[in-house]
Amino acid sequence: MTGRPVRRGRYVFPPGLRMNLPFYLFHRFFKPGNPILLFEHLRRYGRAAHYRILWNDVVLFHEPDDIREVLIDKAASFGKDRTQKRMKILLGEGLITADGETHRRGRRIVAPAFHRQRIQRYAGEIVEMAARAGATWRPGETMDIAAEMMRLALQITARTLFDTEVTAEIREINDQVNAIMALYNYLVALPRAELLLHTPLPGMRRFRRAKARMDAVVDGMISARKAEMESNAPSAEARGDLLSLLLAARDDGTGGDGLKLTPDEVRDQVLTLFLAGYETVANALAWTWMLLGQNPGAEAQLHAELDAVLGGRLPTLEDMPRLEYTGMVLAESMRLYPPAWAMGREALEDVRIGPYMLPKGTMVFFSQYIVHRDARWFPEPERFKPERFAAEAKATRPRFAYFPFGGGGRQCIGESFAWMEATLVLATLAQRWRLALEPGQRIEPQPKITLRPKDGIRVRAVGRTADRMQ
Ligand code: HEM
């Protein structure tokens, strides 16, 4: 089913739901905890779909060229949508939530820390931490690989970006994030949710406590580093981690180009990078293990590549270009289970996208989860086929048929880091271990801020060869 565009005065909207969204409360596709059901339903309207939530117009785009228009050609006509702005409750004014000049300034300060050469020096540490995690596994042992990947990715982020061993606090931060996530969807969905935060409702109190503890952990980390930097410890340049760079940019008052960060800004950037950096990669890896468990052919091919390229030794940065199939496995995993499953913008002025003319204030969304399953670009979309990411196959698709890291001026700043981390972790662990899925479990994607497996993923560790298991 598709439909004709709908005119309202000088504006032209795509077809879509006739009634305001809340009236669909009893429909199968309306489940406040799972917007993917709604997005899947709206796919039937073709190129794009329109609906209204109270007085807000919302347009969901499915067409890669329309997405390119929003993110690149007409990026200046859009800001972060209101839902994301409410993420400020959690993330303050970090890179993800800021707009306009605040965003540009934040990006100028943070970007140098993510330059290719700078992040490459983390490769060794990533492999070492992955190998150490794998060394604690025992043949036959069962575990929740989603939780295991969350722990490992958190540790990697803490050490590489912030040069801190927060192992004691790791669990705590993890728990805080989980408590916040449980409430998060409800909070951000409400208009003026910020006001609710100050009420004594039990949920709000829990949120406030969790956020305060998380801030305290990050503030503690920052003041420890600051004290160290004020003594005669190595310079930010020599140390080279992100936290030192952010603090130096504030402390010397120039940051190289006259920029300053206030203490609150440092905290918000650190927290943003912390949260954006570990949970996404952890989920990408967790889904990859599930898909490998379900697809023995692909798993065997991955093992063959790891054996051929590495011959039993641990991977290094230099191996990355030859771990081609490993990269294709990860790319195909992020097609089916994109950790960032949807993104949105808000029109800052009247704007034409494709055949539509949208008024200022329209919220536009596009969902990686939905677009990545378009059979025009990915035939048999539900099947896991890493070959889709061979160079020749990739060249035949439009740019925004696949966009796990977004695009345009706000493309993920951590993309290269994420690829390096995920590739090296997968290569290190899959070289020694197969993870067999425990039978009888229901693995369900849950779209929170990121797409995570609702009740985890239970696996049994199977050593690949006896001589490589220690
Ligand atoms: C598999 C892993 C990852 C995925 C799928 C992912 C996905 C994304 C996406 C889709 C966006 C764009 C959001 C938008 O435009 O609305 C984004 C932005 C961002 N990501 Fe990532 N990300 C990943 C890993 C990381 C890592 C490792 C870091 C940092 C350590 C990071 C930090 C950020 C930041 C700071 C932004 C905001 C950039 C801006 O608006 O200027 N991400 N990410």
# chains A, B, ... in the order shown; residues from 1 in each chain; ligands from 1
>>> residues_near_ligand(ligand="ligand 1", cutoff="8 Å", atoms="only C-alpha atoms and all ligand atoms", output="ChimeraX atom specification")
/A:71,80,94-98,103-104,106-107,157,161,269,272-284,334,338-345,403-419,422
>>> residues_around(residues="region 389-391 of chain A", least_positions_apart="6", cutoff="8 Å", atoms="only C-alpha atoms", output="list in words")
Met328, Ala331 and Glu332 of chain A
>>> write_last_selection(atoms="C-alpha atoms", output="mmCIF file, in the first residue's frame")
data_model
loop_
_atom_site.group_PDB
_atom_site.id
_atom_site.type_symbol
_atom_site.label_atom_id
_atom_site.label_comp_id
_atom_site.auth_asym_id
_atom_site.auth_seq_id
_atom_site.Cartn_x
_atom_site.Cartn_y
_atom_site.Cartn_z
ATOM 1 C CA MET A 328 32.251 -7.693 6.320
ATOM 2 C CA ALA A 331 29.141 -4.551 8.602
ATOM 3 C CA GLU A 332 26.414 -7.096 7.882
#
>>> closest_residue(among="A:Ala133, A:Val110, A:Glu141, A:Asp455", to="Ala248 (chain A)", atoms="only C-alpha atoms")
A:Val110
>>> closest_residue(among="A:Ile36, A:Leu154, A:Ala393, A:Leu306", to="Pro379 (chain A)", atoms="only C-alpha atoms")
A:Ala393
>>> closest_residue(among="A:Ala427, A:Leu242, A:Ala49, A:Met19", to="Arg4 (chain A)", atoms="only C-alpha atoms")
A:Ala49
>>> residues_around(residues="Pro453 (chain A)", least_positions_apart="4", cutoff="12 Å", atoms="only C-alpha atoms", output="MDAnalysis selection string")
chainID A and resid 144:147 149:150 279 282:290 337:339 441:448 457:458
>>> write_last_selection(atoms="C-alpha atoms", output="tab-separated table (two decimals), in the first residue's frame")
chain	number	residue	atom	x	y	z
A	144	ASP	CA	25.43	-13.83	28.69
A	145	ILE	CA	27.63	-12.56	25.87
A	146	ALA	CA	25.76	-9.24	25.73
A	147	ALA	CA	26.73	-8.50	29.36
A	149	MET	CA	30.69	-7.45	25.72
A	150	MET	CA	29.24	-4.52	27.70
A	279	GLU	CA	27.28	0.74	24.60
A	282	ALA	CA	29.16	-3.64	22.87
A	283	ASN	CA	25.80	-4.13	21.18
A	284	ALA	CA	27.36	-4.45	17.73
A	285	LEU	CA	29.60	-7.23	19.06
A	286	ALA	CA	26.81	-8.98	20.96
A	287	TRP	CA	24.59	-9.15	17.86
A	288	THR	CA	27.56	-10.36	15.83
A	289	TRP	CA	28.09	-13.30	18.17
A	290	MET	CA	24.41	-14.18	17.88
A	337	TYR	CA	21.00	-4.93	14.12
A	338	PRO	CA	22.21	-1.33	13.87
A	339	PRO	CA	23.17	-0.20	17.39
A	441	GLN	CA	16.01	-18.85	24.27
A	442	ARG	CA	14.08	-15.98	22.75
A	443	ILE	CA	16.42	-13.22	21.70
A	444	GLU	CA	14.51	-10.02	21.23
A	445	PRO	CA	15.83	-6.66	20.05
A	446	GLN	CA	14.86	-3.83	22.36
A	447	PRO	CA	15.13	-0.32	20.94
A	448	LYS	CA	16.31	1.89	23.79
A	457	ILE	CA	22.18	-13.62	24.64
A	458	ARG	CA	23.07	-16.90	26.33
>>> select_by_dssp(residues="region 261-379 of chain A", states="strand (DSSP E)", output="number ranges by chain")
A: 343-347, 351-353, 356-358, 363-366
>>> write_last_selection(atoms="N, CA and C atoms", output="mmCIF file, in the first residue's frame")
data_model
loop_
_atom_site.group_PDB
_atom_site.id
_atom_site.type_symbol
_atom_site.label_atom_id
_atom_site.label_comp_id
_atom_site.auth_asym_id
_atom_site.auth_seq_id
_atom_site.Cartn_x
_atom_site.Cartn_y
_atom_site.Cartn_z
ATOM 1 N N MET A 343 17.451 7.754 13.784
ATOM 2 C CA MET A 343 17.918 9.089 14.140
ATOM 3 C C MET A 343 16.935 10.139 13.657
ATOM 4 N N GLY A 344 17.040 11.331 14.188
ATOM 5 C CA GLY A 344 16.032 12.334 13.868
ATOM 6 C C GLY A 344 16.566 13.750 13.852
ATOM 7 N N ARG A 345 15.797 14.584 13.213
ATOM 8 C CA ARG A 345 16.116 16.011 13.131
ATOM 9 C C ARG A 345 14.811 16.783 13.215
ATOM 10 N N GLU A 346 14.923 18.085 13.462
ATOM 11 C CA GLU A 346 13.743 18.940 13.463
ATOM 12 C C GLU A 346 13.966 20.073 12.465
ATOM 13 N N ALA A 347 12.950 20.357 11.629
ATOM 14 C CA ALA A 347 13.103 21.423 10.632
ATOM 15 C C ALA A 347 13.144 22.770 11.332
ATOM 16 N N VAL A 351 10.921 23.664 4.669
ATOM 17 C CA VAL A 351 11.954 23.040 3.828
ATOM 18 C C VAL A 351 11.344 22.004 2.873
ATOM 19 N N ARG A 352 11.908 21.964 1.648
ATOM 20 C CA ARG A 352 11.439 20.980 0.670
ATOM 21 C C ARG A 352 12.385 19.785 0.680
ATOM 22 N N ILE A 353 11.826 18.586 0.865
ATOM 23 C CA ILE A 353 12.623 17.355 0.793
ATOM 24 C C ILE A 353 11.926 16.445 -0.207
ATOM 25 N N TYR A 356 8.152 16.691 -1.105
ATOM 26 C CA TYR A 356 7.370 17.191 0.023
ATOM 27 C C TYR A 356 7.829 18.585 0.445
ATOM 28 N N MET A 357 6.868 19.360 0.968
ATOM 29 C CA MET A 357 7.189 20.680 1.485
ATOM 30 C C MET A 357 6.782 20.686 2.950
ATOM 31 N N LEU A 358 7.748 20.752 3.847
ATOM 32 C CA LEU A 358 7.461 20.569 5.274
ATOM 33 C C LEU A 358 7.575 21.890 6.026
ATOM 34 N N MET A 363 9.183 17.178 12.740
ATOM 35 C CA MET A 363 10.242 16.258 13.162
ATOM 36 C C MET A 363 10.412 15.231 12.068
ATOM 37 N N VAL A 364 11.645 15.014 11.624
ATOM 38 C CA VAL A 364 11.865 13.979 10.610
ATOM 39 C C VAL A 364 12.723 12.885 11.220
ATOM 40 N N PHE A 365 12.354 11.650 10.882
ATOM 41 C CA PHE A 365 13.103 10.498 11.377
ATOM 42 C C PHE A 365 13.493 9.604 10.215
ATOM 43 N N PHE A 366 14.555 8.855 10.397
ATOM 44 C CA PHE A 366 14.846 7.739 9.508
ATOM 45 C C PHE A 366 15.431 6.652 10.376
#
>>> closest_residue(among="A:Ala123, A:Leu246, A:Ile173, A:Ile89", to="Arg208 (chain A)", atoms="only C-alpha atoms")
A:Ile89
>>> atom_distance(atom1="CA of Ile53 (chain A)", atom2="CA of Arg82 (chain A)")
12.4 Å
>>> residues_around(residues="Arg68 (chain A)", least_positions_apart="3", cutoff="9 Å", atoms="only C-alpha atoms", output="JSON, numbers by chain")
{"A": [63, 64, 65, 71, 72, 73, 74, 75, 399, 400, 407, 408]}
>>> closest_residue(among="A:Ala153, A:Ala430, A:Leu292, A:Ala401", to="Gly312 (chain A)", atoms="only C-alpha atoms")
A:Ala430
